[in-house]
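*Asks:* Quick one, my_file22.pdb (PDB, C-alpha atoms):
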ATOM      1  CA  MET A 147      54.848  87.978 129.551  1.00  0.00           C
ATOM      2  CA  GLY A 148      54.210  87.015 125.929  1.00  0.00           C
ATOM      3  CA  ILE A 149      56.179  87.984 122.824  1.00  0.00           C
ATOM      4  CA  GLY A 150      53.525  90.555 121.919  1.00  0.00           C
ATOM      5  CA  ASP A 151      53.813  92.259 125.323  1.00  0.00           C
ATOM      6  CA  MET A 152      57.600  92.273 125.086  1.00  0.00           C
ATOM      7  CA  LEU A 153      57.472  93.786 121.603  1.00  0.00           C
ATOM      8  CA  LEU A 154      54.977  96.434 122.698  1.00  0.00           C
ATOM      9  CA  GLY A 155      57.149  97.321 125.673  1.00  0.00           C
ATOM     10  CA  LYS A 156      60.186  97.649 123.396  1.00  0.00           C
ATOM     11  CA  ILE A 157      58.294  99.964 121.018  1.00  0.00           C
ATOM     12  CA  ARG A 158      57.140 102.159 123.906  1.00  0.00           C
ATOM     13  CA  SER A 159      60.646 102.377 125.326  1.00  0.00           C
ATOM     14  CA  LEU A 160      61.932 103.597 121.969  1.00  0.00           C
ATOM     15  CA  VAL A 161      59.171 106.160 121.531  1.00  0.00           C
ATOM     16  CA  LEU A 162      59.051 107.351 125.130  1.00  0.00           C
ATOM     17  CA  PRO A 163      62.153 106.495 127.199  1.00  0.00           C
ATOM     18  CA  VAL A 164      61.554 105.879 130.898  1.00  0.00           C
ATOM     19  CA  PRO A 165      62.745 109.011 132.759  1.00  0.00           C
ATOM     20  CA  VAL A 166      63.539 107.255 136.064  1.00  0.00           C
ATOM     21  CA  ARG A 167      65.533 104.284 137.294  1.00  0.00           C
ATOM     22  CA  ALA A 168      63.996 101.515 139.369  1.00  0.00           C
ATOM     23  CA  ARG A 169      64.210  97.759 139.753  1.00  0.00           C
ATOM     24  CA  HIS A 170      61.004  97.405 137.733  1.00  0.00           C
ATOM     25  CA  CYS A 171      59.190 100.028 135.632  1.00  0.00           C
ATOM     26  CA  GLU A 172      55.854  99.838 133.795  1.00  0.00           C
ATOM     27  CA  TYR A 173      54.020 102.278 131.531  1.00  0.00           C
ATOM     28  CA  SER A 174      50.797 103.740 132.906  1.00  0.00           C
ATOM     29  CA  VAL A 175      48.478 106.751 132.592  1.00  0.00           C
ATOM     30  CA  ILE A 176      47.252 109.342 135.070  1.00  0.00           C
ATOM     31  CA  CYS A 177      43.564 110.305 134.813  1.00  0.00           C
ATOM     32  CA  SER A 178      41.430 113.162 136.102  1.00  0.00           C
ATOM     33  CA  ALA A 179      39.193 112.383 139.071  1.00  0.00           C
ATOM     34  CA  ASP A 180      36.535 115.071 138.705  1.00  0.00           C
ATOM     35  CA  ASP A 181      34.883 113.182 135.846  1.00  0.00           C
ATOM     36  CA  ALA A 182      35.121 109.740 137.474  1.00  0.00           C
ATOM     37  CA  LEU A 183      31.659 108.197 137.472  1.00  0.00           C
ATOM     38  CA  TYR A 184      31.964 105.876 140.455  1.00  0.00           C
ATOM     39  CA  PRO A 185      33.392 107.593 143.565  1.00  0.00           C
ATOM     40  CA  PRO A 186      33.894 105.716 146.845  1.00  0.00           C
ATOM     41  CA  THR A 187      31.203 105.488 149.502  1.00  0.00           C
ATOM     42  CA  GLY A 188      31.821 106.725 153.022  1.00  0.00           C
ATOM     43  CA  ARG A 189      32.014 103.115 154.162  1.00  0.00           C
ATOM     44  CA  LEU A 190      34.725 102.343 151.624  1.00  0.00           C
ATOM     45  CA  LEU A 191      36.740 105.354 152.756  1.00  0.00           C
ATOM     46  CA  ASP A 192      36.434 104.266 156.387  1.00  0.00           C
ATOM     47  CA  ILE A 193      37.518 100.718 155.536  1.00  0.00           C
ATOM     48  CA  ALA A 194      40.505 101.974 153.570  1.00  0.00           C
ATOM     49  CA  LEU A 195      41.701 104.369 156.272  1.00  0.00           C
ATOM     50  CA  GLU A 196      41.377 101.876 159.111  1.00  0.00           C
ATOM     51  CA  SER A 197      42.962  99.064 157.055  1.00  0.00           C
ATOM     52  CA  ALA A 198      45.965 101.254 156.288  1.00  0.00           C
ATOM     53  CA  ARG A 199      46.266 102.121 159.981  1.00  0.00           C
ATOM     54  CA  GLN A 200      46.163  98.429 160.895  1.00  0.00           C
ATOM     55  CA  ALA A 201      48.688  97.556 158.171  1.00  0.00           C
ATOM     56  CA  ARG A 202      51.203  99.899 159.728  1.00  0.00           C
ATOM     57  CA  GLY A 203      51.470  97.696 162.807  1.00  0.00           C
ATOM     58  CA  ILE A 204      51.411  94.313 161.079  1.00  0.00           C
ATOM     59  CA  ASP A 205      54.481  92.149 160.726  1.00  0.00           C
ATOM     60  CA  PHE A 206      54.717  88.539 159.613  1.00  0.00           C
ATOM     61  CA  PRO A 207      58.354  87.405 159.259  1.00  0.00           C
ATOM     62  CA  GLU A 208      57.148  83.796 159.196  1.00  0.00           C
ATOM     63  CA  VAL A 209      55.552  84.537 155.808  1.00  0.00           C
ATOM     64  CA  SER A 210      58.415  86.460 154.214  1.00  0.00           C
ATOM     65  CA  SER A 211      60.942  83.905 155.459  1.00  0.00           C
ATOM     66  CA  ARG A 212      59.389  81.338 153.129  1.00  0.00           C
ATOM     67  CA  MET A 213      60.713  83.236 150.115  1.00  0.00           C
ATOM     68  CA  ARG A 214      63.896  81.713 148.791  1.00  0.00           C
ATOM     69  CA  THR A 215      65.447  84.918 147.490  1.00  0.00           C
ATOM     70  CA  PRO A 216      65.012  88.659 148.153  1.00  0.00           C
ATOM     71  CA  PRO A 217      63.317  91.047 147.851  1.00  0.00           C
ATOM     72  CA  ARG A 218      61.064  89.689 150.580  1.00  0.00           C
ATOM     73  CA  TYR A 219      57.871  91.388 149.488  1.00  0.00           C
ATOM     74  CA  PRO A 220      55.734  90.847 152.629  1.00  0.00           C
ATOM     75  CA  GLU A 221      58.196  93.031 154.546  1.00  0.00           C
ATOM     76  CA  VAL A 222      57.803  95.933 152.098  1.00  0.00           C
ATOM     77  CA  TRP A 223      55.094  98.454 153.016  1.00  0.00           C
ATOM     78  CA  PRO A 224      54.008 100.744 151.523  1.00  0.00           C
ATOM     79  CA  GLY A 225      54.941  99.396 148.122  1.00  0.00           C
ATOM     80  CA  GLU A 226      53.556  95.874 148.390  1.00  0.00           C
ATOM     81  CA  HIS A 227      50.019  94.859 149.302  1.00  0.00           C
ATOM     82  CA  TYR A 228      50.505  92.012 151.786  1.00  0.00           C
ATOM     83  CA  LYS A 229      50.229  94.069 154.967  1.00  0.00           C
ATOM     84  CA  LEU A 230      47.271  95.973 153.532  1.00  0.00           C
ATOM     85  CA  LEU A 231      45.486  92.673 152.778  1.00  0.00           C
ATOM     86  CA  ALA A 232      46.085  91.621 156.361  1.00  0.00           C
ATOM     87  CA  GLY A 233      44.782  95.000 157.514  1.00  0.00           C
ATOM     88  CA  LEU A 234      41.616  94.548 155.478  1.00  0.00           C
ATOM     89  CA  VAL A 235      41.025  91.146 157.051  1.00  0.00           C
ATOM     90  CA  THR A 236      41.564  92.651 160.500  1.00  0.00           C
ATOM     91  CA  VAL A 237      38.987  95.374 159.819  1.00  0.00           C
ATOM     92  CA  LEU A 238      36.381  93.395 157.875  1.00  0.00           C
ATOM     93  CA  ARG A 239      36.670  90.110 159.814  1.00  0.00           C
ATOM     94  CA  PRO A 240      35.254  88.141 156.878  1.00  0.00           C
ATOM     95  CA  ALA A 241      33.589  84.804 157.508  1.00  0.00           C
ATOM     96  CA  CYS A 242      34.589  83.866 153.965  1.00  0.00           C
ATOM     97  CA  ALA A 243      37.307  85.345 151.753  1.00  0.00           C
ATOM     98  CA  VAL A 244      38.093  84.475 148.142  1.00  0.00           C
ATOM     99  CA  GLU A 245      41.351  84.936 146.275  1.00  0.00           C
ATOM    100  CA  VAL A 246      41.543  84.700 142.484  1.00  0.00           C
ATOM    101  CA  GLY A 247      45.124  83.853 141.574  1.00  0.00           C
ATOM    102  CA  THR A 248      46.999  81.651 144.071  1.00  0.00           C
ATOM    103  CA  SER A 249      50.426  81.833 142.411  1.00  0.00           C
ATOM    104  CA  THR A 250      53.163  81.321 145.029  1.00  0.00           C
ATOM    105  CA  GLY A 251      50.726  81.708 147.918  1.00  0.00           C
ATOM    106  CA  LEU A 252      52.112  84.800 149.658  1.00  0.00           C
ATOM    107  CA  SER A 253      48.786  86.650 149.502  1.00  0.00           C
ATOM    108  CA  ALA A 254      46.908  83.596 150.736  1.00  0.00           C
ATOM    109  CA  LEU A 255      49.249  83.326 153.718  1.00  0.00           C
ATOM    110  CA  ALA A 256      48.866  87.022 154.525  1.00  0.00           C
ATOM    111  CA  LEU A 257      45.079  86.787 154.316  1.00  0.00           C
ATOM    112  CA  LYS A 258      44.806  83.572 156.312  1.00  0.00           C
ATOM    113  CA  LYS A 259      46.971  84.720 159.227  1.00  0.00           C
ATOM    114  CA  PHE A 260      44.416  87.305 160.348  1.00  0.00           C
ATOM    115  CA  LEU A 261      41.188  85.494 159.498  1.00  0.00           C
ATOM    116  CA  PRO A 262      38.709  84.981 162.378  1.00  0.00           C
ATOM    117  CA  ALA A 263      38.999  81.549 163.976  1.00  0.00           C
ATOM    118  CA  ARG A 264      36.082  79.944 162.119  1.00  0.00           C
ATOM    119  CA  ALA A 265      36.516  81.803 158.838  1.00  0.00           C
ATOM    120  CA  ARG A 266      37.835  80.248 155.659  1.00  0.00           C
ATOM    121  CA  LEU A 267      39.797  81.353 152.619  1.00  0.00           C
ATOM    122  CA  ALA A 268      39.207  79.836 149.183  1.00  0.00           C
ATOM    123  CA  THR A 269      41.940  80.493 146.648  1.00  0.00           C
ATOM    124  CA  PHE A 270      41.512  79.817 142.924  1.00  0.00           C
ATOM    125  CA  ASP A 271      44.046  79.218 140.188  1.00  0.00           C
ATOM    126  CA  VAL A 272      44.265  77.324 136.919  1.00  0.00           C
ATOM    127  CA  LEU A 273      47.335  75.520 138.316  1.00  0.00           C
ATOM    128  CA  GLU A 274      47.566  73.450 141.485  1.00  0.00           C
ATOM    129  CA  TRP A 275      49.776  75.198 144.062  1.00  0.00           C
ATOM    130  CA  ARG A 276      52.461  72.481 144.007  1.00  0.00           C
ATOM    131  CA  ARG A 277      53.114  73.205 140.322  1.00  0.00           C
ATOM    132  CA  PHE A 278      54.661  76.573 141.146  1.00  0.00           C
ATOM    133  CA  GLY A 279      58.347  75.869 141.611  1.00  0.00           C
ATOM    134  CA  ASP A 280      58.811  78.843 143.949  1.00  0.00           C
ATOM    135  CA  THR A 281      55.648  78.239 145.975  1.00  0.00           C
ATOM    136  CA  CYS A 282      55.629  79.442 149.569  1.00  0.00           C
ATOM    137  CA  LEU A 283      52.728  77.189 150.507  1.00  0.00           C
ATOM    138  CA  ARG A 284      53.116  73.971 152.481  1.00  0.00           C
ATOM    139  CA  GLU A 285      50.876  71.007 153.125  1.00  0.00           C
ATOM    140  CA  GLU A 286      50.285  72.095 156.712  1.00  0.00           C
ATOM    141  CA  ASP A 287      48.757  75.379 155.521  1.00  0.00           C
ATOM    142  CA  PHE A 288      45.709  73.406 154.385  1.00  0.00           C
ATOM    143  CA  ALA A 289      45.551  70.984 157.327  1.00  0.00           C
ATOM    144  CA  ASP A 290      42.967  72.839 159.438  1.00  0.00           C
ATOM    145  CA  GLY A 291      40.583  73.324 156.507  1.00  0.00           C
ATOM    146  CA  ARG A 292      40.562  77.129 156.791  1.00  0.00           C
ATOM    147  CA  LEU A 293      42.492  77.409 153.523  1.00  0.00           C
ATOM    148  CA  VAL A 294      41.438  75.464 150.430  1.00  0.00           C
ATOM    149  CA  GLN A 295      42.537  75.734 146.828  1.00  0.00           C
ATOM    150  CA  TYR A 296      40.287  75.150 143.850  1.00  0.00           C
ATOM    151  CA  VAL A 297      41.895  74.479 140.474  1.00  0.00           C
ATOM    152  CA  SER A 298      39.323  76.356 138.465  1.00  0.00           C
ATOM    153  CA  ASP A 299      39.099  79.252 136.001  1.00  0.00           C
ATOM    154  CA  LEU A 300      36.422  81.597 137.306  1.00  0.00           C
ATOM    155  CA  SER A 301      36.436  83.538 134.040  1.00  0.00           C
ATOM    156  CA  ASP A 302      34.649  80.500 132.604  1.00  0.00           C
ATOM    157  CA  ALA A 303      30.916  81.002 133.170  1.00  0.00           C
ATOM    158  CA  ALA A 304      30.330  77.322 133.924  1.00  0.00           C
ATOM    159  CA  GLU A 305      33.095  77.276 136.537  1.00  0.00           C
ATOM    160  CA  ALA A 306      31.810  80.433 138.187  1.00  0.00           C
ATOM    161  CA  GLU A 307      28.338  78.904 138.351  1.00  0.00           C
ATOM    162  CA  ARG A 308      29.784  75.738 139.884  1.00  0.00           C
ATOM    163  CA  HIS A 309      31.227  77.841 142.716  1.00  0.00           C
ATOM    164  CA  ALA A 310      28.296  80.275 142.878  1.00  0.00           C
ATOM    165  CA  GLN A 311      27.355  79.499 146.463  1.00  0.00           C
ATOM    166  CA  LEU A 312      30.902  80.041 147.679  1.00  0.00           C
ATOM    167  CA  LEU A 313      31.318  83.288 145.730  1.00  0.00           C
ATOM    168  CA  ALA A 314      27.981  84.618 146.967  1.00  0.00           C
ATOM    169  CA  SER A 315      29.054  84.037 150.589  1.00  0.00           C
ATOM    170  CA  ALA A 316      32.352  85.964 150.310  1.00  0.00           C
ATOM    171  CA  ASP A 317      32.760  89.172 152.326  1.00  0.00           C
ATOM    172  CA  LEU A 318      36.168  89.916 150.801  1.00  0.00           C
ATOM    173  CA  LEU A 319      37.487  89.037 147.339  1.00  0.00           C
ATOM    174  CA  PHE A 320      41.078  89.611 146.211  1.00  0.00           C
ATOM    175  CA  ILE A 321      41.420  89.705 142.407  1.00  0.00           C
ATOM    176  CA  ASP A 322      44.956  88.921 141.258  1.00  0.00           C
ATOM    177  CA  GLY A 323      44.504  87.293 137.860  1.00  0.00           C
ATOM    178  CA  PRO A 324      46.666  87.499 134.729  1.00  0.00           C
ATOM    179  CA  LYS A 325      45.882  91.181 134.000  1.00  0.00           C
ATOM    180  CA  ASP A 326      45.567  90.469 130.293  1.00  0.00           C
ATOM    181  CA  GLY A 327      42.646  92.863 129.837  1.00  0.00           C
ATOM    182  CA  ASN A 328      40.307  89.995 129.053  1.00  0.00           C
ATOM    183  CA  MET A 329      40.099  87.593 131.985  1.00  0.00           C
ATOM    184  CA  GLU A 330      39.089  90.305 134.454  1.00  0.00           C
ATOM    185  CA  ARG A 331      36.193  91.456 132.259  1.00  0.00           C
ATOM    186  CA  LYS A 332      34.868  87.911 132.030  1.00  0.00           C
ATOM    187  CA  LEU A 333      35.338  87.445 135.760  1.00  0.00           C
ATOM    188  CA  LEU A 334      33.314  90.548 136.608  1.00  0.00           C
ATOM    189  CA  LYS A 335      30.583  89.506 134.205  1.00  0.00           C
ATOM    190  CA  ASN A 336      30.385  86.132 135.909  1.00  0.00           C
ATOM    191  CA  PHE A 337      30.295  87.768 139.336  1.00  0.00           C
ATOM    192  CA  GLY A 338      27.262  89.693 138.172  1.00  0.00           C
ATOM    193  CA  LYS A 339      25.566  86.513 137.004  1.00  0.00           C
ATOM    194  CA  VAL A 340      26.126  84.491 140.170  1.00  0.00           C
ATOM    195  CA  GLY A 341      25.435  87.474 142.412  1.00  0.00           C
ATOM    196  CA  LEU A 342      27.984  88.499 145.031  1.00  0.00           C
ATOM    197  CA  LYS A 343      27.012  89.579 148.533  1.00  0.00           C
ATOM    198  CA  GLU A 344      25.773  93.166 148.718  1.00  0.00           C
ATOM    199  CA  GLY A 345      28.559  95.300 150.164  1.00  0.00           C
ATOM    200  CA  ALA A 346      31.288  92.713 149.644  1.00  0.00           C
ATOM    201  CA  VAL A 347      34.692  94.372 149.318  1.00  0.00           C
ATOM    202  CA  LEU A 348      36.716  93.606 146.197  1.00  0.00           C
ATOM    203  CA  VAL A 349      40.462  94.249 146.104  1.00  0.00           C
ATOM    204  CA  PHE A 350      41.992  94.558 142.640  1.00  0.00           C
ATOM    205  CA  ASP A 351      45.737  94.160 142.173  1.00  0.00           C
ATOM    206  CA  ASP A 352      47.825  95.973 139.540  1.00  0.00           C
ATOM    207  CA  ILE A 353      45.150  98.522 138.566  1.00  0.00           C
ATOM    208  CA  ARG A 354      47.782 100.889 137.158  1.00  0.00           C
ATOM    209  CA  LEU A 355      49.205  98.370 134.706  1.00  0.00           C
ATOM    210  CA  TRP A 356      48.418  99.193 131.086  1.00  0.00           C
ATOM    211  CA  ASN A 357      45.998  96.312 130.537  1.00  0.00           C
ATOM    212  CA  MET A 358      44.091  97.144 133.727  1.00  0.00           C
ATOM    213  CA  LEU A 359      43.608 100.887 133.217  1.00  0.00           C
ATOM    214  CA  ALA A 360      40.332 100.714 131.294  1.00  0.00           C
ATOM    215  CA  ILE A 361      38.950  97.874 133.418  1.00  0.00           C
ATOM    216  CA  TRP A 362      39.467  99.847 136.611  1.00  0.00           C
ATOM    217  CA  ARG A 363      38.298 103.187 135.179  1.00  0.00           C
ATOM    218  CA  GLU A 364      35.112 101.666 133.774  1.00  0.00           C
ATOM    219  CA  LEU A 365      34.288  99.449 136.758  1.00  0.00           C
ATOM    220  CA  PRO A 366      30.680 100.429 137.638  1.00  0.00           C
ATOM    221  CA  LEU A 367      31.078 100.133 141.405  1.00  0.00           C
ATOM    222  CA  PRO A 368      31.972 102.548 144.218  1.00  0.00           C
ATOM    223  CA  LYS A 369      35.753 102.384 144.265  1.00  0.00           C
ATOM    224  CA  LEU A 370      38.948 103.883 145.605  1.00  0.00           C
ATOM    225  CA  ASP A 371      42.527 103.829 144.329  1.00  0.00           C
ATOM    226  CA  LEU A 372      44.592 102.832 147.349  1.00  0.00           C
ATOM    227  CA  THR A 373      47.933 102.409 145.606  1.00  0.00           C
ATOM    228  CA  SER A 374      49.864 104.587 148.073  1.00  0.00           C
ATOM    229  CA  PHE A 375      49.013 102.088 150.824  1.00  0.00           C
ATOM    230  CA  GLY A 376      49.152  98.955 148.694  1.00  0.00           C
ATOM    231  CA  HIS A 377      50.999  97.654 145.656  1.00  0.00           C
ATOM    232  CA  TRP A 378      53.249 100.016 143.697  1.00  0.00           C
ATOM    233  CA  SER A 379      51.643  98.688 140.497  1.00  0.00           C
ATOM    234  CA  GLY A 380      48.204  99.610 141.757  1.00  0.00           C
ATOM    235  CA  THR A 381      45.732  98.533 144.429  1.00  0.00           C
ATOM    236  CA  GLY A 382      42.042  99.315 144.124  1.00  0.00           C
ATOM    237  CA  LEU A 383      39.132  98.785 146.530  1.00  0.00           C
ATOM    238  CA  ALA A 384      35.569  98.436 145.311  1.00  0.00           C
ATOM    239  CA  GLU A 385      32.237  97.836 147.023  1.00  0.00           C
ATOM    240  CA  TRP A 386      29.875  95.384 145.366  1.00  0.00           C
ATOM    241  CA  ARG A 387      26.468  96.732 144.372  1.00  0.00           C
ATOM    242  CA  LYS A 388      23.743  94.765 142.634  1.00  0.00           C
TER     243      LYS A 388
END
Output the file's structure in the form of structure tokens.
*Replies:*
Amino acid sequence: MGIGDMLLGKIRSLVLPVPVRARHCEYSVICSADDALYPPTGRLLDIALESARQARGIDFPEVSSRMRTPPRYPEVWPGEHYKLLAGLVTVLRPACAVEVGTSTGLSALALKKFLPARARLATFDVLEWRRFGDTCLREEDFADGRLVQYVSDLSDAAEAERHAQLLASADLLFIDGPKDGNMERKLLKNFGKVGLKEGAVLVFDDIRLWNMLAIWRELPLPKLDLTSFGHWSGTGLAEWRK
């Protein structure tokens, strides 16, 4: 979080005090649904319902145990998105999945665990995974070739073009970038240029954070807010259409 974000948060807290107590609070906005321009398709609803049902029975202590300190987020559901991501993989059975934003690797581990045997997961970040001091990834996670990391900024048009073939083959894409209100717009523009697979499912993290509100509301794709079964800060599903 930059100085500007901290200052803005301080101003908001003075103008509009937070009326509840929680470990972590963020400002957001609730919006009417009757005037939403891009409702979900029947397929998207079916995927969401079945993925939530699958998530209910998923447990992966071997993932959460890699965290050095609590709270152990992969064990939290609803409220965190890790079990829902695993549920989506179980339902969609993607041959190729893409993650934008490796960070500590928890999402990558949750996605990989339920991938079909010959499927692969490509995770992207501007930093190599070893550079995160609290990383949960290990060398052996990459040994079988089903998980690979690319140090690349897909919001850069040239980088997106360089990975165009990979992106176009993805059945499932998890978008967990910086949520700065800028990177995600560039990323979506680049997706349009390289051309994603028709019907590919996109999962957006943190859609209820302030900087993501307009991006999610304006996203011109069939979509569904699945926050109650995903991340407390917002989880959105969208279906790619050319």
*Asks:* The PyMOL selection byres ((chain A and resi 201) around 7) - which residues does that actually catch in the file I just gave you? List them as a short mmCIF file (atom, residue, chain, number, x, y, z; two decimals) with C-alpha atoms, keeping the file's coordinate frame.
*Replies:*
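Final file, part38.cif:
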data_model
loop_
_atom_site.label_atom_id
_atom_site.label_comp_id
_atom_site.auth_asym_id
_atom_site.auth_seq_id
_atom_site.Cartn_x
_atom_site.Cartn_y
_atom_site.Cartn_z
CA SER A 197 42.96 99.06 157.06
CA ALA A 198 45.96 101.25 156.29
CA ARG A 199 46.27 102.12 159.98
CA GLN A 200 46.16 98.43 160.90
CA ARG A 202 51.20 99.90 159.73
CA GLY A 203 51.47 97.70 162.81
CA ILE A 204 51.41 94.31 161.08
CA LYS A 229 50.23 94.07 154.97
CA LEU A 230 47.27 95.97 153.53
CA ALA A 232 46.08 91.62 156.36
CA GLY A 233 44.78 95.00 157.51
#
*Asks:* What gap, in Å, lies between atom CA of Thr215 of chain A and atom CA of Asp271 of chain A?
*Replies:*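 That distance, rounded to one decimal, is 23.3 Å.
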*Asks:* Would you list the contacts of segment 360-373 of chain A as a list of chain:residue names, taking every protein, DNA or RNA residue within 6 Å and counting only C-alpha atoms, but skipping same-chain residues closer than 3 positions in sequence?
*Replies:*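 Returned residues: A:Tyr184, A:Pro185, A:Pro186, A:Gly376, A:His377, A:Gly380, A:Thr381, A:Gly382, A:Leu383, A:Ala384, A:Glu385.
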*Asks:* Take atom CA of Leu283 of chain A and atom CA of Leu252 of chain A and report the distance between them in Å, one decimal.
*Replies:*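 Those two atoms sit 7.7 Å apart.
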*Asks:* Please identify all polymer residues within 9 Å of segment 338-348 of chain A, counting all atoms listed in the file, omitting same-chain residues fewer than 6 positions from it, and present them as a compact mmCIF listing (two decimals) with C-alpha atoms, in the coordinates of the input.
*Replies:*
# COMPACT_ATOMS: atom_id res chain seq x y z
CA LEU A 190 34.72 102.34 151.62
CA LEU A 238 36.38 93.40 157.88
CA ALA A 303 30.92 81.00 133.17
CA ALA A 306 31.81 80.43 138.19
CA GLU A 307 28.34 78.90 138.35
CA HIS A 309 31.23 77.84 142.72
CA ALA A 310 28.30 80.28 142.88
CA GLN A 311 27.36 79.50 146.46
CA LEU A 313 31.32 83.29 145.73
CA ALA A 314 27.98 84.62 146.97
CA SER A 315 29.05 84.04 150.59
CA ALA A 316 32.35 85.96 150.31
CA ASP A 317 32.76 89.17 152.33
CA LEU A 318 36.17 89.92 150.80
CA LEU A 319 37.49 89.04 147.34
CA PHE A 320 41.08 89.61 146.21
CA ILE A 321 41.42 89.70 142.41
CA GLY A 382 42.04 99.32 144.12
CA LEU A 383 39.13 98.78 146.53
CA ALA A 384 35.57 98.44 145.31
CA GLU A 385 32.24 97.84 147.02
CA TRP A 386 29.88 95.38 145.37
CA ARG A 387 26.47 96.73 144.37
CA LYS A 388 23.74 94.76 142.63
*Asks:* Evaluate the PyMOL selection byres ((chain A and resi 265) around 10) and record the selected residues as a PyMOL selection string, following the chain and residue labels used in the document.
*Replies:* chain A and resi 239-243+258+260-264+266-267+291-293
*Asks:* Using all atoms listed in the file, which of A:Thr269, A:Ser253, A:Ser379, A:Ser298 sits nearest Val209 of chain A?
*Replies:*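 Closest residue, counting all atoms listed in the file: A:Ser253.
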*Asks:* Do you know which residues are at most 8 Å from Trp356 of chain A counting all atoms listed in the file, after dropping those on the same chain fewer than 5 positions away, and could you put them as a list in words?
*Replies:*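 Close residues of Trp356 of chain A: Glu172, Tyr173, Ser174 and Val175 of chain A.
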*Asks:* Can you work out the spacing between atom CA of Val237 of chain A and atom CA of Asp205 of chain A in Å, to one decimal?
*Replies:*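 Calculated distance between atom CA of Val237 of chain A and atom CA of Asp205 of chain A is 15.9 Å.
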*Asks:* For segment 225-248 of chain A against segment 323-336 of chain A, with a cut-off of 10 Å and counting only C-alpha atoms, what is the closest atom pair and its distance in Å to one decimal for every residue that makes the cut, ordered by chain and number, as a tab-separated table?
*Replies:*
residue	atom	partner	partner_atom	distance
A:Glu245	CA	A:Gly323	CA	9.3
A:Val246	CA	A:Gly323	CA	6.1
A:Gly247	CA	A:Gly323	CA	5.1
A:Thr248	CA	A:Gly323	CA	8.8
*Asks:* Using only the atoms of segment 287-297 of chain A listed in the file, plus 3 Å on each side, state the axis-aligned box centre and edge lengths in Å rounded to one decimal, as AutoDock Vina command-line options.
*Replies:*
--center_x 44.5 --center_y 74.2 --center_z 150.0 --size_x 14.5 --size_y 12.4 --size_z 25.0
*Asks:* My list of candidates is A:Val244, A:Leu255, A:Val161, A:Val294. Which is closest to Glu208 of chain A when distances are computed with only C-alpha atoms?
*Replies:*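 Closest candidate: A:Leu255.
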*Asks:* Residues near Asp299 of chain A, anyone? I mean within 8 Å using all atoms listed in the file, not counting same-chain ones fewer than 2 positions away, as a PyMOL selection string.
*Replies:* chain A and resi 270-272+297+301-302+305-306
*Asks:* With C-alpha atoms retained, export the selected residues as a PDB file, in the coordinates of the input.
*Replies:*
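The new file part_18.pdb reads:
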ATOM      1  CA  PHE A 270      41.512  79.817 142.924  1.00  0.00           C
ATOM      2  CA  ASP A 271      44.046  79.218 140.188  1.00  0.00           C
ATOM      3  CA  VAL A 272      44.265  77.324 136.919  1.00  0.00           C
ATOM      4  CA  VAL A 297      41.895  74.479 140.474  1.00  0.00           C
ATOM      5  CA  SER A 301      36.436  83.538 134.040  1.00  0.00           C
ATOM      6  CA  ASP A 302      34.649  80.500 132.604  1.00  0.00           C
ATOM      7  CA  GLU A 305      33.095  77.276 136.537  1.00  0.00           C
ATOM      8  CA  ALA A 306      31.810  80.433 138.187  1.00  0.00           C
TER       9      ALA A 306
END
*Asks:* So, counting only C-alpha atoms, which residue among A:Arg276, A:Ser374, A:Pro217, A:Ala194 is closest to Arg169 of chain A?
*Replies:*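 Closest to Arg169 of chain A, using only C-alpha atoms: A:Pro217.
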